Amino acid sequence: MTQKILFIFCLLCIAISCGEDDNENQGYSPTPVSIVVPAIFSQLLPAPEIPINNPLTQEGVALGRALFYEKKLSADNTLACAGCHKPNQSFSDQRRYSIGIDGIAGFRNSMPIVNIAWNTNNKFNWDGSANSLEEQVLEPVINEIEMHNTWPNVEQTLQTDPRYVTAFSNAFGTSTISQELVAKALAQFIRTLVSGNTKFDNYLLGQATLTPQEEQGLAVFLDENRGDCFHCHGSPSNPLWTDNDFHNNGLDEDFTDLGLGDITGDPAQFGLFKSPSLRNLAYTAPYMHDGRFQTLDQVIDHYSEGLVFSPTIDPLMKTVAQGGVQLTPQDKAALKAFLLTLSDPSLASNPAYQNPN
Amino acid sequence: MFKKAAFLVLLVLSFMACDKNDDDQAQQNTPVSVGFLHSFYEDEVSVSSNTIQYTNGFGTSLSITRLRYLISQVSFTNQDGIKTLVKDYHLVDLSQDNSLTINDILLPPGAYNLKMRFGFTEATNTSSIYPDLNAASWNVPENLGGGYHYMQLEGRWLDPGDTPDEPYLYAYHTISAVQNPGPENTREDTSIEIDLGEITVTQGATQINVNMHIDQWFENPNLWNLSELNGLLMGNYTAQKMMQENGQNVFSLASNMGD
């Protein structure tokens, strides 16, 4: 009797754990994989967030990687995601505005795409216009100044390529290619793009030492009276180096781009943009949503003496009346040296991120 | 072999089922949620806004563009003096609806004393140990004592009759008060125990609301002059002590508010 009950119990458990996927009967079994979590992240951060309906699998990630480098996603087969998100630039673009397939430039600087799996706010793009990664990746394909394609066309193009038919079948158990599945595969690959091997990460692990100048720069960064950068850009306790939230950091008196406010319509949010991560600044120039600054020196000068007032300026930009915190040349140089310890030279050469096609 | 495995499964399952409470209690337990409401005198404050629409006790007009604060040690003590800790800590963010309620509390119906704490005690305010708070950039730098913020209240302000082109800014941040900011700093517990008094949990869903009277941060007992104390407050020991004093009367039960 008890044995029977136990047996039913076990069955139930199995049934519960399998509740989500009804693909078993289709006879395909992709191999689950997990994100390689850097040591310092597992010490300090929550586990990466993976949507229940899009678990990472070896086959899905491989497919996403192929799609990320696939020029056929664009209307004229000339531009892949990687064309504006380059591995050696922390998956961003050194051009101020990326150029789409029709030779037209956009109006924002491309964003780096690393450590996205830790963006638990789930707001993507400079203006927070996408509410999930799966939603975000659908957009560039049909954006008129980016890949200028249509989803029916992408689906059809991929469907005629036997390699993709097999790959989708292996990853998702169906050979019918849809925009949802393309988005899922891309999102899976993007979640594996992890950067956690900087000098500063290794310093936190006790495996590297900072120079006196870098240490001084860290002190400026963390000093309420000087940099006061930590309120928005993380700290040694938050190795994402961003709060993934939206702020107006005093760039303009009048806005040509309303940022978050354009999406929400709330005047209190006009001119707010997502705080970018300070990871990999060595590779992500130019800086800010419109790529207005070519160098880190210009960025630091902005915070030091270039702040301008606008009605939505963040209250943390408290020295705006004086134009900024007025850092000394020594503090500026130190801050820059520190910021550069947040760059990860191993990212670009990670074999798992290269073009497989 | 199979029997053994099955037994283990059963054991694990029964542990899981018993996690918080034993079986006969579980039958009587009823869901309780604790909501956080915010007011400025009579006005309900429900969203961050850029509009300078509140006037504090000092006579300064101000807006609230951001409000985040940390509540810890939420506990219900029943008539027999048995205390149930329902939440170690909880970050309230006015801009995140789902942070405005603590759900998933299960208690047997009855009368309780509800207590919580504003901020972390010294014993719990250890740097870097809460992953979700790290990801929310809620930390305090080591030179300022380390650990975590208690509150970030931010916005703009104007003096009465003053109409400058640019309203001034304030960042009313509370932390463990720190003396001697720098490598040799010493930290002092300025968290605040909030005794909300008696509440009753009835069969069915019980909603308890706690109201933060934001106006009190600026008023009682220290009338707050924002033109003198508007920023750089984290490293200001005296200001932190004053904030702690003002915080004593900030929270109260508000069971009827918002109905």
# chains A, B, ... in the order shown; residues from 1 in each chain; ligands from 1
$ residues_around --residues "stretch 164-174 of chain B" --least-positions-apart "4" --cutoff "6 Å" --atoms "only C-alpha atoms" --output "list of chain:residue names"
A:Pro315, B:Tyr150, B:Met151, B:Gln152, B:Leu153, B:Glu154, B:Gly155, B:Arg156, B:Trp157, B:Leu158, B:Asn230, B:Gly231
$ write_last_selection --atoms "N, CA and C atoms" --output "mmCIF file, in the first residue's frame"
data_model
loop_
_atom_site.group_PDB
_atom_site.id
_atom_site.type_symbol
_atom_site.label_atom_id
_atom_site.label_comp_id
_atom_site.auth_asym_id
_atom_site.auth_seq_id
_atom_site.Cartn_x
_atom_site.Cartn_y
_atom_site.Cartn_z
ATOM 1 N N PRO A 315 18.451 64.281 -9.158
ATOM 2 C CA PRO A 315 18.876 65.009 -7.954
ATOM 3 C C PRO A 315 20.285 64.640 -7.492
ATOM 4 N N TYR B 150 19.521 52.895 4.030
ATOM 5 C CA TYR B 150 18.202 52.695 4.624
ATOM 6 C C TYR B 150 17.139 53.313 3.705
ATOM 7 N N MET B 151 17.445 54.527 3.236
ATOM 8 C CA MET B 151 16.442 55.222 2.410
ATOM 9 C C MET B 151 17.113 56.171 1.428
ATOM 10 N N GLN B 152 16.500 56.289 0.254
ATOM 11 C CA GLN B 152 16.865 57.327 -0.714
ATOM 12 C C GLN B 152 15.583 58.088 -1.051
ATOM 13 N N LEU B 153 15.505 59.305 -0.578
ATOM 14 C CA LEU B 153 14.365 60.173 -0.867
ATOM 15 C C LEU B 153 14.934 61.363 -1.625
ATOM 16 N N GLU B 154 14.465 61.560 -2.859
ATOM 17 C CA GLU B 154 15.092 62.575 -3.709
ATOM 18 C C GLU B 154 14.049 63.428 -4.417
ATOM 19 N N GLY B 155 14.470 64.619 -4.792
ATOM 20 C CA GLY B 155 13.575 65.482 -5.551
ATOM 21 C C GLY B 155 14.130 66.879 -5.695
ATOM 22 N N ARG B 156 13.230 67.821 -5.953
ATOM 23 C CA ARG B 156 13.588 69.235 -6.133
ATOM 24 C C ARG B 156 12.899 70.066 -5.071
ATOM 25 N N TRP B 157 13.418 71.267 -4.824
ATOM 26 C CA TRP B 157 12.769 72.115 -3.822
ATOM 27 C C TRP B 157 12.944 73.581 -4.159
ATOM 28 N N LEU B 158 12.080 74.394 -3.566
ATOM 29 C CA LEU B 158 12.115 75.846 -3.737
ATOM 30 C C LEU B 158 11.792 76.485 -2.399
ATOM 31 N N ASN B 230 20.771 69.405 2.051
ATOM 32 C CA ASN B 230 20.101 68.880 0.867
ATOM 33 C C ASN B 230 20.867 67.779 0.167
ATOM 34 N N GLY B 231 22.142 67.663 0.463
ATOM 35 C CA GLY B 231 22.937 66.625 -0.198
ATOM 36 C C GLY B 231 24.155 66.332 0.641
#
$ select_by_dssp --residues "stretch 20-250 of chain B" --states "helix (DSSP H, G or I)" --output "VMD selection string"
chain B and resid 23 to 28 97 to 99 131 to 135 142 to 144 214 to 218 237 to 249
$ interface_residues --of "chain B" --to "chain A" --cutoff "9 Å" --atoms "only C-alpha atoms" --output "PyMOL selection string"
chain B and resi 3+6-7+9-10+48-51+65+127-144+154-156+166-171+230-235
$ select_by_dssp --residues "stretch 56-215 of chain A" --states "strand (DSSP E or B)" --output "PyMOL selection string"
chain A and resi 57+86+92+99+105+124+130
$ atom_distance --atom1 "atom CA of A:Leu342" --atom2 "atom CA of A:Gly206"
15.2 Å
$ residues_around --residues "B:Asn180" --least-positions-apart "3" --cutoff "10 Å" --atoms "only C-alpha atoms" --output "count of residues only"
11
$ residues_around --residues "B:Gln248" --least-positions-apart "2" --cutoff "9 Å" --atoms "only C-alpha atoms" --output "list of chain:residue names"
B:Ile192, B:Glu193, B:Ile194, B:Gln216, B:Trp217, B:Asn220, B:Met243, B:Gln244, B:Glu245, B:Asn246, B:Val250, B:Phe251
$ atom_distance --atom1 "atom CA of A:Glu146" --atom2 "atom CA of A:Ser74"
8.1 Å
